[in-house]
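*Asks:* Okay, here's the structure, questions in a sec.
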There are 2 protein chains.
Amino acid sequence: MTILRTPHADGSARGIPDATVARLPVYLRALNTLTEQGVATCSSNDLAENAGVNPAKLRKDLSYLGSYGTRGVGYDVEYLRYQIAREIGQTQDWDVVIVGVGNLGSALSAYQGFSTRGIRVAALVDADPQRVGTTVSGIEVSSLDDLPTIVEERAISIGIIATPGTAAQEVADRLVEAGITSILNFAPALVQVPDGVDVRKVDLSIELQILAYHEQRKAGSDTTEKVVGA
Amino acid sequence: MTILRTPHADGSARGIPDATVARLPVYLRALNTLTEQGVATCSSNDLAENAGVNPAKLRKDLSYLGSYGTRGVGYDVEYLRYQIAREIGQTQDWDVVIVGVGNLGSALSAYQGFSTRGIRVAALVDADPQRVGTTVSGIEVSSLDDLPTIVEERAISIGIIATPGTAAQEVADRLVEAGITSILNFAPALVQVPDGVDVRKVDLSIELQILAYHEQRKAGSDTTEKVVGA
DNA sequence: ACGATTTTGTTAACGCGTTCACAAACTCTT
DNA sequence: AAGAGTTTGTGAACGCGTTAACAAAATCGT
């Protein structure tokens, strides 16, 4: 069996590189900033600076979506914003369910950045009976056992794992079983999922460990590097 | 002026690719898992599976550190764990300061995953006078104005921004001014820092937006893709 | 109307990272 | 001791992403 994607036809489904997809939300935010500043038109240079990327890279990224700029002029901020929003599905709101209402889960449920970006925390779930029934960020916490019902009733396709690492795989299994097809995993553990389910992982300590590595090199370079010549 | 790094001499400072550095903490965790399971020796296949990467990639990554395995046998789990820990500076604890004690900052200050990975939250700082003086996760919240003193006294080199996006640049400036040379930015905003300061960015909503994009394609593929052949 | 200027969209070169494939090196069995 | 079987370390091929460079297309000034 072969799946052919419409190559350039309707304007929606081409093969956009992963690296580009990951930057589209960044461009979206930069465009929002420009709108707030009352800017109606911008060049790729302007936008690239606001997004923190190379202008050529920005133009190449946008070229995967279509030709939404005008040569000699630039991009209409509002128009481009809409085109990108449509491309990444931000013309609608996405309901998500958070599993694990500990410190991190609670913080995520209250996170302001979600609502302004089309993410709505629709349900909270926890395995701990003591937490079930309590209200967090104005949402009543449900039992992990009710996941299938919640997911189906509210047509949720995205789940967030905010549990300890030991529970992550179990939770992932139950999310998939309940019909979730995209998972954002904050637990410090690798989770296995069947084909067709997307998993992204955010590991808070790894980011710090990477910084620590570079710190160590900065400090260590005083002794292990040799400064030569003029 | 030219800076030469010792190419292969003492065993510490070579030019390890960024992509490899980002994976070393993952290997470290996988090795810890193996240790807990009582495994004393493992092959690159075993370890790669635990880390969720291609075995060849794992071996190549490790080859940047040195030759710590034995052909025909594999890797001594404890020995390799120590070598990686030393390479990424995890033989010591790293003190960090968190700026912004809102929902996210509070959650981070209580995050269990840090302590087990050599990260110690040494100080909490907030600009809001109402929060200064309160105790969060057993740590007294200090004023943002005290940042220089705190950073110097406790020899902190890593700072975490957990403020709203609007405050991010201001906080970054003050962190740099206080002597911080590595920043982990959770605020949904781009921060500019001088050369010599490392910044890494974690954007919680972007990760979800990327998932939403793929979800949209999954849903949309019913109509825009054509399934051909058998 | 037309040349000068601006800025996009795109092609081509480049570099980094991943993966394959295999020789080198080790253990185990006989 | 020697051959069979493992597994590492690495050179080479490959692919993806980034960047530079430029032609195409628009505006502006005269």
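By convention here, the chains of the structure tokens are called A, B, ... in the order presented, each chain's residues are numbered starting at 1, and ligands are numbered starting at 1 in the order presented.
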Could you give me, as a list in words, the residues within 10 Å of Leu34 (chain A), counting only C-alpha atoms (C1' of nucleotides) and dropping anything in the same chain fewer than 3 positions from it?

*Replies:*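 Those residues are Leu28, Arg29, Ala30, Leu31, Gln37, Gly38, Val39, Ala40, Thr41, Cys42, Asp46, Leu47, Asn50, Val77 and Glu78 of chain A.
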
*Asks:* Take the selection from the previous step and output its residues with N, CA and C atoms, as a PDB file, in the first residue's frame.

*Replies:*
ATOM      1  N   LEU A  28       5.036  32.341  14.158  1.00  0.00           N
ATOM      2  CA  LEU A  28       3.696  32.790  14.541  1.00  0.00           C
ATOM      3  C   LEU A  28       3.769  33.770  15.707  1.00  0.00           C
ATOM      4  N   ARG A  29       4.581  33.437  16.679  1.00  0.00           N
ATOM      5  CA  ARG A  29       4.700  34.326  17.830  1.00  0.00           C
ATOM      6  C   ARG A  29       5.347  35.651  17.426  1.00  0.00           C
ATOM      7  N   ALA A  30       6.351  35.563  16.566  1.00  0.00           N
ATOM      8  CA  ALA A  30       7.011  36.787  16.113  1.00  0.00           C
ATOM      9  C   ALA A  30       6.012  37.675  15.384  1.00  0.00           C
ATOM     10  N   LEU A  31       5.153  37.069  14.582  1.00  0.00           N
ATOM     11  CA  LEU A  31       4.144  37.846  13.858  1.00  0.00           C
ATOM     12  C   LEU A  31       3.150  38.480  14.821  1.00  0.00           C
ATOM     13  N   GLN A  37       2.760  45.531  17.872  1.00  0.00           N
ATOM     14  CA  GLN A  37       3.516  46.771  17.698  1.00  0.00           C
ATOM     15  C   GLN A  37       2.925  47.636  16.590  1.00  0.00           C
ATOM     16  N   GLY A  38       1.838  47.160  16.011  1.00  0.00           N
ATOM     17  CA  GLY A  38       1.190  47.949  14.972  1.00  0.00           C
ATOM     18  C   GLY A  38       1.857  47.857  13.618  1.00  0.00           C
ATOM     19  N   VAL A  39       2.732  46.868  13.441  1.00  0.00           N
ATOM     20  CA  VAL A  39       3.401  46.696  12.153  1.00  0.00           C
ATOM     21  C   VAL A  39       2.478  45.939  11.209  1.00  0.00           C
ATOM     22  N   ALA A  40       2.246  46.462  10.030  1.00  0.00           N
ATOM     23  CA  ALA A  40       1.322  45.837   9.087  1.00  0.00           C
ATOM     24  C   ALA A  40       2.056  45.024   8.033  1.00  0.00           C
ATOM     25  N   THR A  41       3.273  45.437   7.703  1.00  0.00           N
ATOM     26  CA  THR A  41       4.069  44.761   6.686  1.00  0.00           C
ATOM     27  C   THR A  41       5.494  44.590   7.198  1.00  0.00           C
ATOM     28  N   CYS A  42       6.111  43.469   6.856  1.00  0.00           N
ATOM     29  CA  CYS A  42       7.492  43.273   7.294  1.00  0.00           C
ATOM     30  C   CYS A  42       8.272  42.508   6.244  1.00  0.00           C
ATOM     31  N   ASP A  46      13.152  41.595   8.891  1.00  0.00           N
ATOM     32  CA  ASP A  46      12.448  42.008  10.108  1.00  0.00           C
ATOM     33  C   ASP A  46      11.954  40.794  10.888  1.00  0.00           C
ATOM     34  N   LEU A  47      11.246  39.951  10.167  1.00  0.00           N
ATOM     35  CA  LEU A  47      10.623  38.809  10.828  1.00  0.00           C
ATOM     36  C   LEU A  47      11.676  37.844  11.372  1.00  0.00           C
ATOM     37  N   ASN A  50      13.078  39.079  14.592  1.00  0.00           N
ATOM     38  CA  ASN A  50      12.135  38.863  15.686  1.00  0.00           C
ATOM     39  C   ASN A  50      12.050  37.400  16.096  1.00  0.00           C
ATOM     40  N   VAL A  77       1.677  41.162   7.476  1.00  0.00           N
ATOM     41  CA  VAL A  77       1.790  40.473   8.762  1.00  0.00           C
ATOM     42  C   VAL A  77       0.542  39.645   9.064  1.00  0.00           C
ATOM     43  N   GLU A  78      -0.603  40.268   8.944  1.00  0.00           N
ATOM     44  CA  GLU A  78      -1.840  39.597   9.302  1.00  0.00           C
ATOM     45  C   GLU A  78      -2.130  38.410   8.380  1.00  0.00           C
TER      46      GLU A  78
END

*Asks:* Excluding DT27 (chain D) and any residue of its chain fewer than 2 positions from it, enumerate the residues within 10 Å of it, using only C-alpha atoms (C1' of nucleotides), and give them as a short mmCIF file (atom, residue, chain, number, x, y, z; two decimals) with N, CA and C atoms (P, O5', C5', C4', C3', O3' and C1' of nucleotides), in the first residue's frame.

*Replies:*
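What ended up in result04.cif:
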data_model
loop_
_atom_site.label_atom_id
_atom_site.label_comp_id
_atom_site.auth_asym_id
_atom_site.auth_seq_id
_atom_site.Cartn_x
_atom_site.Cartn_y
_atom_site.Cartn_z
N ARG A 71 7.43 40.38 -3.73
CA ARG A 71 8.81 40.80 -4.01
C ARG A 71 8.92 42.32 -4.02
N GLY A 72 9.93 42.79 -3.42
CA GLY A 72 10.12 44.23 -3.34
C GLY A 72 9.37 44.87 -2.20
N VAL A 73 8.44 44.12 -1.59
CA VAL A 73 7.61 44.68 -0.53
C VAL A 73 7.81 43.97 0.80
P DT C 5 20.51 52.55 -7.26
"O5'" DT C 5 19.30 51.90 -6.48
"C5'" DT C 5 18.21 52.71 -6.05
"C4'" DT C 5 17.21 51.87 -5.28
"C3'" DT C 5 17.83 50.83 -4.33
"O3'" DT C 5 17.23 50.95 -3.06
"C1'" DT C 5 16.20 49.81 -5.71
P DT C 6 17.78 50.14 -1.80
"O5'" DT C 6 16.58 49.13 -1.53
"C5'" DT C 6 15.26 49.62 -1.47
"C4'" DT C 6 14.26 48.48 -1.57
"C3'" DT C 6 14.57 47.31 -0.62
"O3'" DT C 6 13.42 47.08 0.18
"C1'" DT C 6 14.13 46.52 -2.82
P DA D 25 8.84 36.58 -13.00
"O5'" DA D 25 8.47 37.71 -11.93
"C5'" DA D 25 8.17 37.32 -10.60
"C4'" DA D 25 7.98 38.55 -9.74
"C3'" DA D 25 7.13 39.65 -10.38
"O3'" DA D 25 6.24 40.17 -9.40
"C1'" DA D 25 9.15 40.54 -9.65
P DG D 29 9.59 57.70 -3.97
"O5'" DG D 29 10.62 58.34 -5.01
"C5'" DG D 29 11.92 57.77 -5.14
"C4'" DG D 29 12.61 58.29 -6.39
"C3'" DG D 29 12.28 59.74 -6.74
"O3'" DG D 29 13.44 60.36 -7.26
"C1'" DG D 29 11.62 58.34 -8.52
#

*Asks:* Using only C-alpha atoms (C1' of nucleotides), find each residue in chain C having at least one atom no more than 12 Å away from chain A; report its shortest atom-to-atom pair and that distance in Å (one decimal), rows by chain then rising number, as a Markdown table.

*Replies:*
| residue | atom | partner | partner_atom | distance |
| --- | --- | --- | --- | --- |
| C:DT5 | C1' | A:Gly72 | CA | 8.6 |
| C:DT6 | C1' | A:Gly72 | CA | 4.6 |
| C:DT7 | C1' | A:Gly72 | CA | 3.9 |
| C:DT8 | C1' | A:Arg71 | CA | 4.3 |
| C:DG9 | C1' | A:Ser63 | CA | 6.8 |
| C:DT10 | C1' | A:Lys60 | CA | 8.2 |
| C:DT11 | C1' | A:Lys60 | CA | 11.3 |

*Asks:* Given only C-alpha atoms as the basis, pick out the residue of A:Glu215, A:Glu36, A:Asp61, A:Glu177 nearest to chain B.

*Replies:*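 Smallest separation from chain B among the options: A:Glu215.
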
*Asks:* When you get a sec, could you note down which chain D residues fall within 10 Å of chain A, using only C-alpha atoms (C1' of nucleotides), as a list in words?

*Replies:* DC16, DG17, DT18, DT19, DA20, DA24, DA25, DA26 and DT27 of chain D

*Asks:* Please run DSSP on the backbone and report, as a PDB file with N, CA and C atoms, in the first residue's frame, all residues within region 31-218 of chain A that come out as strand (DSSP E).

*Replies:*
ATOM      1  N   THR A  41       3.273  45.437   7.703  1.00  0.00           N
ATOM      2  CA  THR A  41       4.069  44.761   6.686  1.00  0.00           C
ATOM      3  C   THR A  41       5.494  44.590   7.198  1.00  0.00           C
ATOM      4  N   CYS A  42       6.111  43.469   6.856  1.00  0.00           N
ATOM      5  CA  CYS A  42       7.492  43.273   7.294  1.00  0.00           C
ATOM      6  C   CYS A  42       8.272  42.508   6.244  1.00  0.00           C
ATOM      7  N   GLY A  69       4.423  36.152   0.133  1.00  0.00           N
ATOM      8  CA  GLY A  69       5.046  37.469   0.186  1.00  0.00           C
ATOM      9  C   GLY A  69       4.948  38.179  -1.154  1.00  0.00           C
ATOM     10  N   THR A  70       5.377  39.421  -1.163  1.00  0.00           N
ATOM     11  CA  THR A  70       5.418  40.195  -2.407  1.00  0.00           C
ATOM     12  C   THR A  70       6.832  40.722  -2.607  1.00  0.00           C
ATOM     13  N   GLY A  74       7.566  42.675   0.794  1.00  0.00           N
ATOM     14  CA  GLY A  74       7.670  41.910   2.028  1.00  0.00           C
ATOM     15  C   GLY A  74       6.412  41.104   2.280  1.00  0.00           C
ATOM     16  N   TYR A  75       6.120  40.871   3.549  1.00  0.00           N
ATOM     17  CA  TYR A  75       4.954  40.071   3.906  1.00  0.00           C
ATOM     18  C   TYR A  75       3.918  40.921   4.627  1.00  0.00           C
ATOM     19  N   ASP A  76       2.659  40.699   4.304  1.00  0.00           N
ATOM     20  CA  ASP A  76       1.561  41.290   5.076  1.00  0.00           C
ATOM     21  C   ASP A  76       1.452  40.487   6.368  1.00  0.00           C
ATOM     22  N   TRP A  94      -7.201  23.169  20.359  1.00  0.00           N
ATOM     23  CA  TRP A  94      -6.924  21.754  20.577  1.00  0.00           C
ATOM     24  C   TRP A  94      -7.107  21.431  22.052  1.00  0.00           C
ATOM     25  N   ASP A  95      -7.966  20.467  22.325  1.00  0.00           N
ATOM     26  CA  ASP A  95      -8.158  20.028  23.694  1.00  0.00           C
ATOM     27  C   ASP A  95      -7.087  19.011  24.068  1.00  0.00           C
ATOM     28  N   VAL A  96      -6.535  19.159  25.256  1.00  0.00           N
ATOM     29  CA  VAL A  96      -5.540  18.197  25.729  1.00  0.00           C
ATOM     30  C   VAL A  96      -5.951  17.693  27.110  1.00  0.00           C
ATOM     31  N   VAL A  97      -5.478  16.498  27.437  1.00  0.00           N
ATOM     32  CA  VAL A  97      -5.687  15.957  28.781  1.00  0.00           C
ATOM     33  C   VAL A  97      -4.322  15.807  29.437  1.00  0.00           C
ATOM     34  N   ILE A  98      -4.225  16.250  30.669  1.00  0.00           N
ATOM     35  CA  ILE A  98      -2.977  16.135  31.422  1.00  0.00           C
ATOM     36  C   ILE A  98      -3.106  14.983  32.407  1.00  0.00           C
ATOM     37  N   VAL A  99      -2.166  14.056  32.359  1.00  0.00           N
ATOM     38  CA  VAL A  99      -2.163  12.939  33.296  1.00  0.00           C
ATOM     39  C   VAL A  99      -1.084  13.184  34.341  1.00  0.00           C
ATOM     40  N   ILE A 119      -4.245  26.024  22.669  1.00  0.00           N
ATOM     41  CA  ILE A 119      -4.232  24.791  23.452  1.00  0.00           C
ATOM     42  C   ILE A 119      -5.169  24.973  24.640  1.00  0.00           C
ATOM     43  N   ARG A 120      -6.125  24.066  24.798  1.00  0.00           N
ATOM     44  CA  ARG A 120      -7.049  24.156  25.924  1.00  0.00           C
ATOM     45  C   ARG A 120      -6.938  22.895  26.779  1.00  0.00           C
ATOM     46  N   VAL A 121      -6.614  23.092  28.026  1.00  0.00           N
ATOM     47  CA  VAL A 121      -6.554  21.950  28.939  1.00  0.00           C
ATOM     48  C   VAL A 121      -7.987  21.561  29.275  1.00  0.00           C
ATOM     49  N   ALA A 122      -8.418  20.454  28.693  1.00  0.00           N
ATOM     50  CA  ALA A 122      -9.828  20.074  28.785  1.00  0.00           C
ATOM     51  C   ALA A 122     -10.086  19.131  29.948  1.00  0.00           C
ATOM     52  N   ALA A 123      -9.063  18.429  30.393  1.00  0.00           N
ATOM     53  CA  ALA A 123      -9.282  17.461  31.470  1.00  0.00           C
ATOM     54  C   ALA A 123      -7.993  17.176  32.216  1.00  0.00           C
ATOM     55  N   LEU A 124      -8.141  16.872  33.503  1.00  0.00           N
ATOM     56  CA  LEU A 124      -7.020  16.462  34.347  1.00  0.00           C
ATOM     57  C   LEU A 124      -7.320  15.079  34.895  1.00  0.00           C
ATOM     58  N   VAL A 125      -6.287  14.266  34.938  1.00  0.00           N
ATOM     59  CA  VAL A 125      -6.463  12.883  35.357  1.00  0.00           C
ATOM     60  C   VAL A 125      -5.317  12.497  36.278  1.00  0.00           C
ATOM     61  N   ASP A 126      -5.610  11.708  37.295  1.00  0.00           N
ATOM     62  CA  ASP A 126      -4.545  11.240  38.182  1.00  0.00           C
ATOM     63  C   ASP A 126      -4.870   9.840  38.676  1.00  0.00           C
ATOM     64  N   THR A 135     -10.155  19.960  42.889  1.00  0.00           N
ATOM     65  CA  THR A 135     -10.198  20.901  41.770  1.00  0.00           C
ATOM     66  C   THR A 135      -8.853  21.609  41.626  1.00  0.00           C
ATOM     67  N   VAL A 136      -8.292  21.544  40.430  1.00  0.00           N
ATOM     68  CA  VAL A 136      -7.008  22.183  40.151  1.00  0.00           C
ATOM     69  C   VAL A 136      -7.180  23.131  38.966  1.00  0.00           C
ATOM     70  N   ILE A 139     -10.444  22.952  37.310  1.00  0.00           N
ATOM     71  CA  ILE A 139     -10.861  21.719  36.641  1.00  0.00           C
ATOM     72  C   ILE A 139     -10.882  20.583  37.654  1.00  0.00           C
ATOM     73  N   GLU A 140     -11.957  19.803  37.637  1.00  0.00           N
ATOM     74  CA  GLU A 140     -12.039  18.687  38.572  1.00  0.00           C
ATOM     75  C   GLU A 140     -11.176  17.539  38.068  1.00  0.00           C
ATOM     76  N   VAL A 141     -10.382  16.986  38.966  1.00  0.00           N
ATOM     77  CA  VAL A 141      -9.477  15.897  38.606  1.00  0.00           C
ATOM     78  C   VAL A 141     -10.256  14.589  38.524  1.00  0.00           C
ATOM     79  N   SER A 142     -10.110  13.892  37.407  1.00  0.00           N
ATOM     80  CA  SER A 142     -10.799  12.615  37.217  1.00  0.00           C
ATOM     81  C   SER A 142      -9.853  11.454  37.454  1.00  0.00           C
ATOM     82  N   SER A 143     -10.418  10.286  37.553  1.00  0.00           N
ATOM     83  CA  SER A 143      -9.614   9.077  37.743  1.00  0.00           C
ATOM     84  C   SER A 143      -8.993   8.634  36.425  1.00  0.00           C
ATOM     85  N   ILE A 158      -4.766  14.679  22.075  1.00  0.00           N
ATOM     86  CA  ILE A 158      -3.432  14.964  22.607  1.00  0.00           C
ATOM     87  C   ILE A 158      -3.410  14.772  24.115  1.00  0.00           C
ATOM     88  N   GLY A 159      -2.429  14.022  24.592  1.00  0.00           N
ATOM     89  CA  GLY A 159      -2.282  13.793  26.018  1.00  0.00           C
ATOM     90  C   GLY A 159      -0.917  14.227  26.520  1.00  0.00           C
ATOM     91  N   ILE A 160      -0.866  14.684  27.756  1.00  0.00           N
ATOM     92  CA  ILE A 160       0.388  15.118  28.367  1.00  0.00           C
ATOM     93  C   ILE A 160       0.692  14.237  29.562  1.00  0.00           C
ATOM     94  N   ILE A 161       1.878  13.662  29.586  1.00  0.00           N
ATOM     95  CA  ILE A 161       2.299  12.843  30.723  1.00  0.00           C
ATOM     96  C   ILE A 161       3.126  13.706  31.665  1.00  0.00           C
ATOM     97  N   SER A 182      -1.413  11.551  20.044  1.00  0.00           N
ATOM     98  CA  SER A 182      -0.229  12.398  20.217  1.00  0.00           C
ATOM     99  C   SER A 182       0.049  12.579  21.701  1.00  0.00           C
ATOM    100  N   ILE A 183       1.319  12.389  22.074  1.00  0.00           N
ATOM    101  CA  ILE A 183       1.681  12.449  23.495  1.00  0.00           C
ATOM    102  C   ILE A 183       2.866  13.388  23.689  1.00  0.00           C
ATOM    103  N   LEU A 184       2.732  14.260  24.670  1.00  0.00           N
ATOM    104  CA  LEU A 184       3.865  15.072  25.096  1.00  0.00           C
ATOM    105  C   LEU A 184       4.317  14.538  26.443  1.00  0.00           C
ATOM    106  N   ASN A 185       5.537  14.030  26.485  1.00  0.00           N
ATOM    107  CA  ASN A 185       6.011  13.329  27.669  1.00  0.00           C
ATOM    108  C   ASN A 185       7.011  14.161  28.465  1.00  0.00           C
ATOM    109  N   ASP A 198       2.264   9.760  17.815  1.00  0.00           N
ATOM    110  CA  ASP A 198       3.418  10.646  17.913  1.00  0.00           C
ATOM    111  C   ASP A 198       3.765  10.888  19.371  1.00  0.00           C
ATOM    112  N   VAL A 199       5.047  10.878  19.659  1.00  0.00           N
ATOM    113  CA  VAL A 199       5.500  11.222  21.004  1.00  0.00           C
ATOM    114  C   VAL A 199       6.574  12.282  20.906  1.00  0.00           C
ATOM    115  N   ARG A 200       6.436  13.332  21.673  1.00  0.00           N
ATOM    116  CA  ARG A 200       7.511  14.293  21.852  1.00  0.00           C
ATOM    117  C   ARG A 200       7.881  14.293  23.315  1.00  0.00           C
ATOM    118  N   LYS A 201       9.159  14.574  23.571  1.00  0.00           N
ATOM    119  CA  LYS A 201       9.645  14.452  24.932  1.00  0.00           C
ATOM    120  C   LYS A 201      10.293  15.763  25.352  1.00  0.00           C
TER     121      LYS A 201
END

*Asks:* Which residue gives the smallest distance to Thr181 (chain A) among B:Pro25, B:Glu153, B:Ala212, B:Arg86, with only C-alpha atoms counted?

*Replies:*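 That would be B:Ala212, the residue with the smallest distance to Thr181 (chain A).
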
*Asks:* What are the DSSP alpha helix (DSSP H) residues of region 100-161 of chain A, as a list in words?

*Replies:*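 Reading the DSSP output for region 100-161 of chain A, alpha helix (DSSP H) covers Asn103, Leu104, Gly105, Ser106, Ala107, Leu108, Ser109, Gln112, Gly113, Phe114, Ser115, Leu147, Pro148, Thr149, Ile150, Val151, Glu152 and Glu153 of chain A.
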
*Asks:* So what do you get for CA of Ile84 (chain A) versus CA of Thr166 (chain B), distance-wise?

*Replies:*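 We find that CA of Ile84 (chain A) and CA of Thr166 (chain B) lie 23.1 Å from each other.
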
*Asks:* Taking only C-alpha atoms into account, which of A:Asp128, A:Asp203, A:Asp146, A:Asp195 comes nearest chain B?

*Replies:*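 The answer is A:Asp203, which sits nearest to chain B.
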
*Asks:* At a cut-off of 7 Å, using only C-alpha atoms (C1' of nucleotides), what residues contact region 103-105 of chain A? Leave out same-chain residues fewer than 3 positions from it and give the result as a VMD selection string.

*Replies:* (chain A and resid 98 100 108 to 109 162) or (chain B and resid 107)
